[in-house]
>>> print(open('query-v5.txt').read())   # compact mmCIF, N, CA and C atoms
# COMPACT_ATOMS: atom_id res chain seq x y z
N MET A 510 -69.39 124.12 220.55
CA MET A 510 -70.41 125.03 220.06
C MET A 510 -71.09 125.78 221.21
N LEU A 511 -71.24 125.08 222.33
CA LEU A 511 -71.89 125.72 223.47
C LEU A 511 -71.02 126.80 224.11
N LEU A 512 -69.71 126.72 223.93
CA LEU A 512 -68.82 127.67 224.56
C LEU A 512 -68.58 128.94 223.74
N LEU A 513 -69.12 129.01 222.54
CA LEU A 513 -68.90 130.19 221.70
C LEU A 513 -69.39 131.49 222.35
N PRO A 514 -70.56 131.53 222.99
CA PRO A 514 -70.96 132.78 223.65
C PRO A 514 -70.02 133.16 224.80
N VAL A 515 -69.53 132.18 225.52
CA VAL A 515 -68.61 132.46 226.62
C VAL A 515 -67.30 133.02 226.09
N ILE A 516 -66.82 132.45 225.01
CA ILE A 516 -65.58 132.93 224.39
C ILE A 516 -65.77 134.35 223.86
N ALA A 517 -66.92 134.61 223.25
CA ALA A 517 -67.19 135.94 222.71
C ALA A 517 -67.24 136.98 223.83
N VAL A 518 -67.87 136.64 224.94
CA VAL A 518 -67.94 137.57 226.07
C VAL A 518 -66.55 137.80 226.67
N SER A 519 -65.76 136.75 226.78
CA SER A 519 -64.42 136.92 227.36
C SER A 519 -63.53 137.77 226.46
N ILE A 520 -63.68 137.64 225.16
CA ILE A 520 -62.92 138.49 224.24
C ILE A 520 -63.38 139.94 224.38
N GLY A 521 -64.67 140.16 224.53
CA GLY A 521 -65.18 141.51 224.74
C GLY A 521 -64.67 142.12 226.03
N VAL A 522 -64.65 141.34 227.10
CA VAL A 522 -64.13 141.82 228.38
C VAL A 522 -62.64 142.16 228.24
N MET A 523 -61.90 141.34 227.49
CA MET A 523 -60.48 141.60 227.28
C MET A 523 -60.29 142.95 226.59
N PHE A 524 -61.09 143.23 225.56
CA PHE A 524 -60.96 144.51 224.86
C PHE A 524 -61.36 145.69 225.75
N VAL A 525 -62.35 145.50 226.60
CA VAL A 525 -62.75 146.57 227.52
C VAL A 525 -61.62 146.87 228.50
N LEU A 526 -61.01 145.83 229.07
CA LEU A 526 -59.91 146.04 230.01
C LEU A 526 -58.70 146.66 229.33
N ALA A 527 -58.43 146.25 228.11
CA ALA A 527 -57.31 146.85 227.37
C ALA A 527 -57.59 148.32 227.06
N GLY A 528 -58.83 148.64 226.74
CA GLY A 528 -59.21 150.03 226.50
C GLY A 528 -59.08 150.88 227.75
N LEU A 529 -59.49 150.34 228.89
CA LEU A 529 -59.34 151.06 230.15
C LEU A 529 -57.87 151.27 230.50
N ALA A 530 -57.05 150.27 230.22
CA ALA A 530 -55.61 150.41 230.48
C ALA A 530 -55.02 151.49 229.58
N ALA A 531 -55.44 151.53 228.32
CA ALA A 531 -54.95 152.57 227.41
C ALA A 531 -55.40 153.96 227.89
N ALA A 532 -56.63 154.06 228.34
CA ALA A 532 -57.13 155.35 228.85
C ALA A 532 -56.36 155.76 230.11
N ALA A 533 -56.06 154.79 230.99
CA ALA A 533 -55.29 155.10 232.20
C ALA A 533 -53.87 155.54 231.84
N LEU A 534 -53.29 154.94 230.82
CA LEU A 534 -51.95 155.33 230.38
C LEU A 534 -51.96 156.75 229.81
N VAL A 535 -52.98 157.06 229.02
CA VAL A 535 -53.09 158.43 228.46
C VAL A 535 -53.29 159.44 229.59
N LEU A 536 -54.11 159.10 230.58
CA LEU A 536 -54.33 159.99 231.71
C LEU A 536 -53.04 160.20 232.50
N PHE A 537 -52.27 159.14 232.68
CA PHE A 537 -51.00 159.23 233.41
C PHE A 537 -50.00 160.12 232.66
N ILE A 538 -49.90 159.93 231.35
CA ILE A 538 -48.98 160.75 230.55
C ILE A 538 -49.44 162.21 230.55
N THR A 539 -50.74 162.44 230.48
CA THR A 539 -51.27 163.80 230.54
C THR A 539 -50.96 164.45 231.89
N ALA A 540 -51.11 163.70 232.97
CA ALA A 540 -50.81 164.25 234.30
C ALA A 540 -49.34 164.60 234.43
N ILE A 541 -48.46 163.78 233.87
CA ILE A 541 -47.03 164.11 233.89
C ILE A 541 -46.77 165.38 233.08
N GLY A 542 -47.40 165.48 231.92
CA GLY A 542 -47.23 166.68 231.10
C GLY A 542 -47.72 167.93 231.79
N VAL A 543 -48.87 167.85 232.45
CA VAL A 543 -49.41 169.02 233.18
C VAL A 543 -48.48 169.39 234.33
N THR A 544 -47.93 168.39 235.02
CA THR A 544 -47.00 168.67 236.12
C THR A 544 -45.77 169.40 235.61
N ILE A 545 -45.20 168.93 234.51
CA ILE A 545 -44.02 169.58 233.93
C ILE A 545 -44.37 171.00 233.47
N TRP A 546 -45.52 171.15 232.83
CA TRP A 546 -45.94 172.47 232.36
C TRP A 546 -46.12 173.45 233.52
N LEU A 547 -46.74 172.98 234.62
CA LEU A 547 -46.94 173.85 235.77
C LEU A 547 -45.61 174.24 236.41
N CYS A 548 -44.67 173.30 236.46
CA CYS A 548 -43.36 173.61 237.05
C CYS A 548 -42.59 174.62 236.20
N ARG A 549 -42.66 174.47 234.89
CA ARG A 549 -41.91 175.37 234.00
C ARG A 549 -42.52 176.77 233.96
N ASN A 550 -43.83 176.88 234.09
CA ASN A 550 -44.50 178.18 233.98
C ASN A 550 -44.90 178.76 235.33
N ARG A 551 -44.28 178.29 236.39
CA ARG A 551 -44.67 178.74 237.73
C ARG A 551 -44.50 180.25 237.89
N GLY A 552 -43.35 180.76 237.50
CA GLY A 552 -43.08 182.20 237.65
C GLY A 552 -44.01 183.06 236.81
N GLN A 553 -44.25 182.66 235.57
CA GLN A 553 -45.13 183.42 234.68
C GLN A 553 -46.57 183.42 235.19
N ARG A 554 -47.02 182.28 235.66
CA ARG A 554 -48.40 182.21 236.18
C ARG A 554 -48.53 183.04 237.45
N ARG A 555 -47.48 183.04 238.27
CA ARG A 555 -47.52 183.83 239.49
C ARG A 555 -47.53 185.32 239.16
N ALA A 556 -46.76 185.70 238.13
CA ALA A 556 -46.72 187.12 237.71
C ALA A 556 -48.06 187.56 237.13
N ASP A 557 -48.76 186.64 236.47
CA ASP A 557 -50.07 186.97 235.90
C ASP A 557 -51.18 186.94 236.93
N GLY A 558 -50.89 186.47 238.13
CA GLY A 558 -51.89 186.40 239.19
C GLY A 558 -52.82 185.21 239.09
N LYS A 559 -52.42 184.20 238.34
CA LYS A 559 -53.26 183.01 238.18
C LYS A 559 -52.93 182.00 239.28
N THR A 560 -53.95 181.28 239.70
CA THR A 560 -53.74 180.23 240.70
C THR A 560 -53.71 178.87 240.01
N ASN A 561 -53.18 177.90 240.71
CA ASN A 561 -53.07 176.54 240.18
C ASN A 561 -54.08 175.58 240.83
N VAL A 562 -55.10 176.12 241.47
CA VAL A 562 -56.01 175.28 242.24
C VAL A 562 -56.70 174.24 241.37
N GLY A 563 -57.21 174.65 240.22
CA GLY A 563 -57.90 173.70 239.34
C GLY A 563 -56.97 172.62 238.83
N TRP A 564 -55.74 173.02 238.48
CA TRP A 564 -54.77 172.03 237.99
C TRP A 564 -54.34 171.08 239.09
N VAL A 565 -54.21 171.59 240.30
CA VAL A 565 -53.82 170.73 241.42
C VAL A 565 -54.93 169.72 241.72
N VAL A 566 -56.17 170.15 241.66
CA VAL A 566 -57.29 169.22 241.85
C VAL A 566 -57.29 168.15 240.77
N PHE A 567 -57.02 168.56 239.53
CA PHE A 567 -56.92 167.59 238.44
C PHE A 567 -55.82 166.58 238.71
N LEU A 568 -54.65 167.06 239.14
CA LEU A 568 -53.52 166.16 239.37
C LEU A 568 -53.76 165.24 240.56
N ILE A 569 -54.39 165.76 241.61
CA ILE A 569 -54.70 164.93 242.78
C ILE A 569 -55.66 163.81 242.40
N THR A 570 -56.52 164.06 241.43
CA THR A 570 -57.45 163.04 240.95
C THR A 570 -56.80 162.12 239.92
N ALA A 571 -56.02 162.68 239.02
CA ALA A 571 -55.49 161.91 237.89
C ALA A 571 -54.44 160.89 238.30
N TYR A 572 -53.50 161.28 239.15
CA TYR A 572 -52.44 160.35 239.51
C TYR A 572 -52.95 159.08 240.20
N PRO A 573 -53.76 159.19 241.26
CA PRO A 573 -54.23 157.94 241.89
C PRO A 573 -55.10 157.08 240.97
N LEU A 574 -55.95 157.73 240.15
CA LEU A 574 -56.80 156.94 239.25
C LEU A 574 -55.97 156.18 238.23
N SER A 575 -55.04 156.86 237.60
CA SER A 575 -54.28 156.21 236.53
C SER A 575 -53.29 155.19 237.08
N VAL A 576 -52.58 155.53 238.13
CA VAL A 576 -51.57 154.61 238.66
C VAL A 576 -52.22 153.36 239.23
N SER A 577 -53.32 153.52 239.95
CA SER A 577 -53.95 152.35 240.56
C SER A 577 -54.46 151.39 239.49
N TYR A 578 -55.05 151.92 238.42
CA TYR A 578 -55.53 151.01 237.39
C TYR A 578 -54.38 150.39 236.60
N LEU A 579 -53.31 151.13 236.36
CA LEU A 579 -52.17 150.55 235.66
C LEU A 579 -51.52 149.43 236.48
N VAL A 580 -51.44 149.60 237.79
CA VAL A 580 -50.91 148.53 238.66
C VAL A 580 -51.85 147.33 238.62
N PHE A 581 -53.16 147.57 238.69
CA PHE A 581 -54.13 146.48 238.59
C PHE A 581 -53.98 145.73 237.27
N PHE A 582 -53.84 146.46 236.17
CA PHE A 582 -53.71 145.83 234.86
C PHE A 582 -52.41 145.04 234.76
N ALA A 583 -51.32 145.58 235.29
CA ALA A 583 -50.05 144.85 235.27
C ALA A 583 -50.14 143.56 236.07
N LEU A 584 -50.76 143.63 237.25
CA LEU A 584 -50.93 142.42 238.06
C LEU A 584 -51.85 141.42 237.37
N LEU A 585 -52.86 141.92 236.69
CA LEU A 585 -53.76 141.04 235.95
C LEU A 585 -53.02 140.32 234.83
N MET A 586 -52.17 141.05 234.12
CA MET A 586 -51.39 140.43 233.03
C MET A 586 -50.38 139.42 233.56
N ILE A 587 -49.74 139.75 234.68
CA ILE A 587 -48.80 138.79 235.28
C ILE A 587 -49.53 137.53 235.68
N SER A 588 -50.69 137.69 236.29
CA SER A 588 -51.49 136.54 236.70
C SER A 588 -51.95 135.73 235.50
N ALA A 589 -52.33 136.41 234.42
CA ALA A 589 -52.82 135.70 233.23
C ALA A 589 -51.72 134.91 232.55
N PHE A 590 -50.53 135.48 232.47
CA PHE A 590 -49.46 134.81 231.74
C PHE A 590 -48.72 133.77 232.57
N THR A 591 -48.69 133.93 233.89
CA THR A 591 -48.01 132.94 234.72
C THR A 591 -48.94 131.87 235.23
N GLY A 592 -50.23 132.16 235.28
CA GLY A 592 -51.19 131.20 235.78
C GLY A 592 -51.25 131.15 237.30
N LYS A 593 -50.53 132.05 237.96
CA LYS A 593 -50.52 132.08 239.42
C LYS A 593 -51.20 133.35 239.91
N SER A 594 -51.82 133.25 241.06
CA SER A 594 -52.49 134.39 241.64
C SER A 594 -51.46 135.37 242.21
N VAL A 595 -51.63 136.65 241.88
CA VAL A 595 -50.72 137.68 242.36
C VAL A 595 -51.45 138.48 243.44
N THR A 596 -50.86 138.51 244.62
CA THR A 596 -51.46 139.28 245.71
C THR A 596 -50.49 140.37 246.13
N VAL A 597 -51.04 141.45 246.61
CA VAL A 597 -50.23 142.57 247.10
C VAL A 597 -50.42 142.65 248.60
N GLY A 598 -49.32 142.67 249.33
CA GLY A 598 -49.40 142.81 250.77
C GLY A 598 -49.05 141.58 251.53
>>> encode(input="query-v5.txt", output="C-alpha cells")
Amino acid sequence: MLLLPVIAVSIGVMFVLAGLAAAALVLFITAIGVTIWLCRNRGQRRADGKTNVGWVVFLITAYPLSVSYLVFFALLMISAFTGKSVTVG
C-alpha cells in the first residue's frame, strides 16, 4: 500500500518518456521529409530566388535533437529489458 504513489509516479514518468520518444520520432521523420523536399525542389526554388536559410537552420536543429533523444530512448529500453547498464564510449 505504501508503494502505490511510487508506482503511480513511475508509470507517469514512463508515459512522459514514451511521449518524448514519439515526438522525437515525428521530428526525425519531418526532418527527413523536409530534406527530401528541399533536394527535389532545389532548381525551382533557385529559379524563384528563394533561399533555404530558414530550412537549413531547422534541419541543423532538428536532426541532432531527434537523433540524440532516440538514441537515449533506445539505450534506456535496452537497459530496462536486459537489466544491465548500457554505456557509450
>>> residues_around(input="query-v5.txt", residues="Trp564 in chain A", least_positions_apart="3", cutoff="9 Å", atoms="only C-alpha atoms", output="NGL selection string")
:A and (543-544 or 547 or 560-561 or 567-569)
>>> closest_residue(input="query-v5.txt", among="A:Ala589, A:Ile545, A:Ile538, A:Val595", to="Ser575 in chain A", atoms="all atoms listed in the file")
A:Ile538
>>> closest_residue(input="query-v5.txt", among="A:Arg549, A:Thr591, A:Gly563, A:Ala530", to="Val576 in chain A", atoms="only C-alpha atoms")
A:Ala530
>>> axis_aligned_box(input="query-v5.txt", around="range 571-576 of chain A", padding_each_side="6 Å", output="AutoDock Vina command-line options")
--center_x -54.2 --center_y 158.0 --center_z 239.2 --size_x 17.2 --size_y 21.3 --size_z 17.4
>>> atom_distance(input="query-v5.txt", atom1="CA of Ile516 in chain A", atom2="CA of Ala533 in chain A")
25.7 Å
>>> atom_distance(input="query-v5.txt", atom1="CA of Phe582 in chain A", atom2="CA of Val535 in chain A")
14.1 Å
>>> atom_distance(input="query-v5.txt", atom1="CA of Ile541 in chain A", atom2="CA of Gly528 in chain A")
20.0 Å
